[in-house]
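Text of the file data_9.cif, holding mmCIF, C-alpha atoms:
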```
data_model
loop_
_atom_site.label_atom_id
_atom_site.label_comp_id
_atom_site.auth_asym_id
_atom_site.auth_seq_id
_atom_site.Cartn_x
_atom_site.Cartn_y
_atom_site.Cartn_z
CA MET T 1 -9.99 23.82 0.17
CA GLU T 2 -11.84 20.51 0.22
CA THR T 3 -12.58 18.85 3.55
CA LEU T 4 -10.38 15.82 4.12
CA ALA T 5 -11.71 12.57 5.55
CA PHE T 6 -8.12 11.39 6.07
CA LYS T 7 -5.22 13.76 6.71
CA ARG T 8 -2.51 11.08 6.81
CA ILE T 9 -2.81 7.91 4.73
CA LEU T 10 -0.84 4.74 4.16
CA LEU T 11 -1.39 3.65 0.55
CA LYS T 12 -0.75 -0.04 -0.13
CA LEU T 13 0.16 -0.74 -3.75
CA SER T 14 0.80 -4.16 -5.24
CA GLY T 15 3.82 -4.72 -7.43
CA GLU T 16 1.45 -5.91 -10.17
CA ALA T 17 -0.16 -2.46 -10.23
CA LEU T 18 3.17 -1.01 -11.37
CA ALA T 19 3.44 -3.56 -14.17
CA GLY T 20 0.26 -2.30 -15.80
CA GLY T 21 -1.04 -4.54 -18.56
CA GLN T 22 2.32 -6.15 -19.28
CA GLY T 23 2.18 -8.36 -16.16
CA PHE T 24 5.90 -8.23 -15.38
CA GLY T 25 8.41 -5.51 -14.65
CA ILE T 26 7.59 -1.81 -14.64
CA ASP T 27 5.24 0.03 -16.98
CA VAL T 28 6.66 3.57 -17.02
CA GLY T 29 3.42 5.03 -18.35
CA ARG T 30 1.37 3.38 -15.59
CA ILE T 31 3.73 4.64 -12.87
CA ASP T 32 3.53 8.16 -14.31
CA GLN T 33 -0.28 7.99 -14.14
CA MET T 34 -0.06 6.95 -10.47
CA ALA T 35 2.43 9.74 -9.76
CA ALA T 36 0.08 12.30 -11.34
CA GLU T 37 -2.78 11.08 -9.15
CA LEU T 38 -0.61 11.14 -6.02
CA GLN T 39 0.59 14.64 -6.91
CA ASP T 40 -3.04 15.76 -7.02
CA VAL T 41 -3.78 14.21 -3.60
CA HIS T 42 -0.56 15.61 -2.12
CA ALA T 43 -1.59 19.10 -3.25
CA LEU T 44 -4.65 18.81 -0.99
CA GLY T 45 -2.30 18.75 2.01
CA VAL T 46 -2.53 15.01 2.67
CA ASP T 47 0.44 13.26 4.29
CA ILE T 48 1.17 10.29 2.02
CA ALA T 49 3.11 7.16 2.95
CA ILE T 50 3.27 4.19 0.59
CA VAL T 51 4.06 0.51 0.99
CA VAL T 52 4.67 -1.20 -2.33
CA GLY T 53 4.81 -4.91 -3.09
CA GLY T 54 7.23 -6.73 -5.37
CA GLY T 55 5.07 -9.30 -7.15
CA ASN T 56 5.83 -7.83 -10.59
CA PHE T 57 9.40 -9.12 -10.15
CA PHE T 58 9.43 -11.82 -7.49
CA ARG T 59 7.06 -13.11 -4.83
CA GLY T 60 8.35 -15.34 -2.05
CA MET T 61 5.11 -17.35 -1.91
CA ALA T 62 4.77 -17.80 -5.69
CA ASP T 63 4.80 -21.25 -7.31
CA HIS T 64 8.21 -20.70 -8.88
CA ALA T 65 9.67 -20.03 -5.41
CA ARG T 66 8.27 -23.14 -3.71
CA ALA T 67 11.47 -25.15 -4.23
CA MET T 68 13.50 -22.41 -2.58
CA ASP T 69 14.24 -21.86 1.07
CA ARG T 70 11.41 -19.63 2.34
CA VAL T 71 13.75 -17.15 4.02
CA SER T 72 15.84 -16.70 0.86
CA ALA T 73 12.71 -16.34 -1.28
CA ASP T 74 11.23 -13.74 1.05
CA HIS T 75 14.46 -11.74 1.05
CA MET T 76 14.41 -11.74 -2.76
CA GLY T 77 10.83 -10.45 -2.65
CA MET T 78 11.90 -7.66 -0.30
CA LEU T 79 14.60 -6.57 -2.74
CA ALA T 80 12.00 -6.48 -5.52
CA THR T 81 9.99 -3.96 -3.50
CA VAL T 82 13.03 -1.67 -3.34
CA ILE T 83 13.22 -1.60 -7.16
CA ASN T 84 9.55 -0.60 -7.29
CA ALA T 85 10.00 2.04 -4.59
CA LEU T 86 12.86 3.66 -6.49
CA ALA T 87 10.81 3.70 -9.71
CA LEU T 88 7.88 5.34 -7.94
CA GLN T 89 10.18 7.86 -6.25
CA ASP T 90 11.63 8.82 -9.63
CA ALA T 91 8.15 9.34 -11.14
CA LEU T 92 7.01 11.48 -8.20
CA GLU T 93 10.11 13.65 -8.12
CA LYS T 94 9.84 14.30 -11.86
CA ARG T 95 6.54 15.94 -10.94
CA GLY T 96 8.13 18.04 -8.21
CA VAL T 97 6.91 15.94 -5.26
CA PHE T 98 9.78 15.44 -2.82
CA THR T 99 9.97 11.76 -1.93
CA ARG T 100 12.03 9.58 0.38
CA VAL T 101 12.50 5.82 0.15
CA MET T 102 13.01 4.16 3.53
CA SER T 103 14.07 0.53 3.49
CA ALA T 104 13.71 -2.02 6.28
CA ILE T 105 16.91 -3.62 4.92
CA GLU T 106 19.79 -1.18 5.04
CA MET T 107 21.15 -0.20 1.64
CA ASN T 108 22.47 3.28 2.23
CA GLN T 109 23.51 4.00 -1.35
CA VAL T 110 19.92 3.90 -2.63
CA SER T 111 17.65 4.55 0.36
CA GLU T 112 17.42 5.69 3.95
CA PRO T 113 17.11 3.13 6.74
CA PHE T 114 13.66 3.03 8.29
CA ILE T 115 13.66 5.17 11.43
CA ARG T 116 10.17 5.91 12.73
CA ARG T 117 10.78 9.45 13.96
CA ARG T 118 12.57 10.40 10.75
CA ALA T 119 9.70 9.03 8.68
CA ILE T 120 7.20 11.13 10.65
CA ARG T 121 9.41 14.19 10.24
CA HIS T 122 9.51 13.67 6.46
CA LEU T 123 5.70 13.57 6.42
CA GLU T 124 5.47 16.71 8.54
CA LYS T 125 7.72 18.47 6.03
CA GLY T 126 5.39 17.54 3.18
CA ARG T 127 7.45 14.72 1.68
CA VAL T 128 5.99 11.47 0.39
CA VAL T 129 7.57 8.48 2.14
CA ILE T 130 7.82 5.09 0.43
CA PHE T 131 8.48 2.16 2.75
CA ALA T 132 10.41 -0.61 0.99
CA ALA T 133 11.60 -4.14 1.89
CA GLY T 134 8.47 -5.01 3.84
CA THR T 135 9.14 -5.43 7.55
CA GLY T 136 12.70 -6.58 6.89
CA SER T 137 11.82 -10.03 8.25
CA PRO T 138 10.80 -13.18 6.35
CA TYR T 139 7.37 -14.78 6.79
CA PHE T 140 5.67 -11.36 6.88
CA SER T 141 3.85 -10.00 3.84
CA THR T 142 3.84 -6.43 2.56
CA ASP T 143 0.22 -6.28 3.78
CA THR T 144 1.52 -6.82 7.31
CA ALA T 145 4.25 -4.24 6.64
CA ALA T 146 1.54 -1.76 5.59
CA SER T 147 -0.41 -2.34 8.81
CA LEU T 148 2.71 -2.00 10.94
CA ARG T 149 4.00 1.16 9.24
CA ALA T 150 0.53 2.76 9.27
CA MET T 151 0.36 2.35 13.03
CA GLU T 152 3.93 3.54 13.52
CA ILE T 153 3.32 6.80 11.65
CA LYS T 154 -0.16 7.21 13.19
CA ALA T 155 -1.96 7.11 9.84
CA ASP T 156 -5.70 7.78 9.82
CA ALA T 157 -6.36 4.84 7.49
CA ILE T 158 -4.86 2.26 5.18
CA LEU T 159 -5.95 2.65 1.56
CA LYS T 160 -5.47 -0.63 -0.25
CA ALA T 161 -5.52 -0.19 -4.03
CA THR T 162 -6.82 -3.20 -5.97
CA LYS T 163 -8.12 -4.07 -9.43
CA VAL T 164 -11.73 -4.55 -8.25
CA ASP T 165 -14.21 -2.09 -6.71
CA GLY T 166 -14.06 -3.44 -3.16
CA ILE T 167 -14.49 -6.58 -1.04
CA TYR T 168 -16.77 -9.29 -2.43
CA ASP T 169 -18.10 -12.49 -0.90
CA ALA T 170 -16.64 -14.36 -3.91
CA ASP T 171 -14.25 -13.59 -6.75
CA PRO T 172 -16.23 -11.15 -8.96
CA VAL T 173 -14.25 -12.25 -12.00
CA LEU T 174 -15.41 -15.86 -11.57
CA VAL T 175 -18.80 -15.38 -9.88
CA LYS T 176 -21.19 -13.17 -11.82
CA ASP T 177 -23.51 -12.28 -8.92
CA ALA T 178 -20.83 -11.86 -6.23
CA LYS T 179 -21.99 -9.43 -3.55
CA MET T 180 -19.85 -6.41 -2.63
CA PHE T 181 -19.65 -5.21 0.97
CA ASP T 182 -19.89 -1.44 1.50
CA THR T 183 -18.76 -1.93 5.09
CA ILE T 184 -17.55 -5.02 6.93
CA SER T 185 -16.01 -5.72 10.31
CA TYR T 186 -12.51 -7.05 10.88
CA MET T 187 -13.98 -10.18 12.50
CA ASP T 188 -16.22 -10.90 9.50
CA VAL T 189 -13.25 -10.58 7.14
CA LEU T 190 -11.37 -13.15 9.25
CA ARG T 191 -14.40 -15.40 9.80
CA LEU T 192 -15.34 -15.52 6.12
CA GLY T 193 -11.73 -15.98 5.02
CA LEU T 194 -11.94 -13.07 2.58
CA LYS T 195 -8.69 -12.43 0.71
CA VAL T 196 -8.48 -8.72 1.45
CA MET T 197 -5.18 -8.67 3.32
CA ASP T 198 -3.55 -11.55 5.13
CA SER T 199 -4.94 -12.47 8.56
CA THR T 200 -1.94 -11.05 10.44
CA ALA T 201 -2.47 -7.63 8.85
CA ILE T 202 -6.22 -7.67 9.53
CA SER T 203 -5.68 -8.73 13.14
CA MET T 204 -3.17 -5.91 13.70
CA CYS T 205 -5.63 -3.36 12.32
CA LYS T 206 -8.42 -4.81 14.47
CA ASP T 207 -6.33 -4.64 17.64
CA ASN T 208 -5.49 -0.98 16.93
CA ASN T 209 -8.83 0.06 15.39
CA LEU T 210 -7.19 1.20 12.15
CA PRO T 211 -9.71 1.47 9.27
CA ILE T 212 -8.94 -0.05 5.87
CA VAL T 213 -10.48 1.20 2.62
CA ILE T 214 -10.36 -1.22 -0.31
CA PHE T 215 -10.90 0.52 -3.66
CA ASN T 216 -10.28 0.23 -7.38
CA LEU T 217 -7.00 1.84 -8.46
CA ASN T 218 -7.80 1.48 -12.16
CA ARG T 219 -10.35 4.30 -12.08
CA PRO T 220 -8.54 7.64 -12.29
CA GLY T 221 -9.17 9.97 -9.36
CA ASN T 222 -10.22 7.28 -6.90
CA ILE T 223 -7.45 8.01 -4.39
CA ARG T 224 -8.62 11.63 -4.21
CA ARG T 225 -12.25 10.54 -3.86
CA VAL T 226 -11.43 8.29 -0.90
CA VAL T 227 -9.36 10.99 0.80
CA ILE T 228 -12.13 13.63 0.59
CA GLY T 229 -14.66 11.17 2.00
CA GLU T 230 -16.70 10.00 -0.98
CA LYS T 231 -18.43 6.66 -0.43
CA LEU T 232 -16.19 4.44 -2.49
CA GLY T 233 -15.07 0.83 -2.28
CA SER T 234 -15.35 -1.16 0.94
CA LEU T 235 -14.57 0.01 4.47
CA VAL T 236 -13.18 -2.47 6.99
CA SER T 237 -13.63 -1.23 10.55
CA GLY T 238 -14.79 -2.25 14.00
#
```

In structure tokens, how does this file's structure come out?
Amino acid sequence: METLAFKRILLKLSGEALAGGQGFGIDVGRIDQMAAELQDVHALGVDIAIVVGGGNFFRGMADHARAMDRVSADHMGMLATVINALALQDALEKRGVFTRVMSAIEMNQVSEPFIRRRAIRHLEKGRVVIFAAGTGSPYFSTDTAASLRAMEIKADAILKATKVDGIYDADPVLVKDAKMFDTISYMDVLRLGLKVMDSTAISMCKDNNLPIVIFNLNRPGNIRRVVIGEKLGSLVSG
């Protein structure tokens, strides 16, 4: 049995990650790849909770939503995350990994309501828990929901999956010699205005000393590598 750096994780996935290369909607092949990787990590004995975004369907802060009432737009974004959560649940359960979707907005026909003690019990029983609908409140991002849920379930770390290798001092796609940080403090992330997670999420993690690992999801096996303690991506800590 491999030694685990993190026994209980909160994995933050963007909605765009589920869209794969098509940019919109759900790429079934991409979700199956993610499910296979999560199955591998789950087999190590890791408690896995997931917060998924909804940007592959609708984002409350997107340009096309600017003419809308912010509260209505945010509620639509929350519903988009439920669609993604159900798709990910289906892919995991096809691989024999028992999974529960818990929504911050009650919709009993398709998900359980979020109840903290029940979520922890699911994790203790070896089930993957997917938290949908953000915090259930407008004006809060799914990054903030990830920070909140991670603290509620007493996760050892937040693993934020991205399309780049870690945190850079500039956009590595636009700036050729952008520098990547192996480690960085919460305060430096806030001071430098780095677009890792929104400032509310970073501040919550800082106040509760919850580490964040930013890593590249597009390299197969990276979730496992982070969990067993390989030096990968960027670590945000005190």

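For the choices T:Ala67, T:Ala36, T:Val28, T:Val97, the atom-to-atom distance to T:Ile223 is smallest for T:Ala36 when using all atoms listed in the file.
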
query = For the file shown, what are the residues hit by the PyMOL selection byres ((chain T and resi 69-80) around 12), laid out as a PyMOL selection string?
reply = chain T and resi 14-16+18+24-26+51-68+81-87+103-107+110-111+131-142+145

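Note that atom CA of T:Ser147 and atom CA of T:Arg191 are 19.2 Å apart.
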
task = Evaluate the PyMOL selection byres ((chain T and resi 112) around 7) here and jot the selected residues down as a list of chain:residue names.
result = T:Val101, T:Met102, T:Ser103, T:Asn108, T:Ser111, T:Pro113, T:Phe114

inquiry  = What's around stretch 195-212 of chain T at 7 Å? Count all atoms listed in the file, leave out sequence neighbours fewer than 2 positions away in its own chain, and write the answer as a PyMOL selection string.
reply    = chain T and resi 143-144+147+157-159+167+186+190+193+214+235-238

task = Apply the PyMOL selection byres ((chain T and resi 229) around 8) to the file shown and report the selected residues as a list of chain:residue names.
result =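 Expected selection for the PyMOL selection byres ((chain T and resi 229) around 8) here is T:Leu4, T:Ala5, T:Phe6, T:Arg225, T:Val226, T:Val227, T:Ile228, T:Glu230, T:Lys231.
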
Option closest in space to T:Asp27, from T:Met187, T:Lys7, T:Ala91, T:Gly96 [counting all atoms listed in the file] =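 Closest candidate: T:Ala91.
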
query = For the atom pair atom CA of T:Lys163 and atom CA of T:Leu92, what is the interatomic distance in Å to one decimal place?
reply =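 One can read the atom CA of T:Lys163 to atom CA of T:Leu92 distance as 21.7 Å.
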
request  = Kindly give the distance, in Å, that separates atom CA of T:Gln22 and atom CA of T:Asp90, rounded to a single decimal.
outcome  = 20.1 Å

inquiry  = So, with all atoms listed in the file as the atoms that count, which of T:Asp177, T:Glu37, T:Lys94, T:Ala49 lies closest to T:Ala155?
reply    = T:Ala49

Spatial neighbours of T:Leu217, max dist 7 Å, only C-alpha atoms, sep filter under 3 positions, as a PDB file with C-alpha atoms, in the frame of the given file:
```
ATOM      1  CA  ALA T 161      -5.520  -0.190  -4.030  1.00  0.00           C
ATOM      2  CA  THR T 162      -6.820  -3.200  -5.970  1.00  0.00           C
ATOM      3  CA  LYS T 163      -8.120  -4.070  -9.430  1.00  0.00           C
ATOM      4  CA  ASN T 222     -10.220   7.280  -6.900  1.00  0.00           C
TER       5      ASN T 222
END
```

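Proximity of T:Gly166, T:Gly221, T:Gly29, T:Gly45 to T:Ile9, computed with all atoms listed in the file, is greatest for T:Gly45.
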
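Take the candidates T:Lys154, T:Leu10, T:Gln39, T:Val175 and check each one against T:Val213 using all atoms listed in the file; the shortest distance goes to T:Leu10.
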
message = Restricting the calculation to all atoms listed in the file: of T:Leu88, T:Ala146, T:Phe181, T:Ile120, which residue gets closest to T:Asp32?
response =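 Smallest distance to T:Asp32 is found for T:Leu88.
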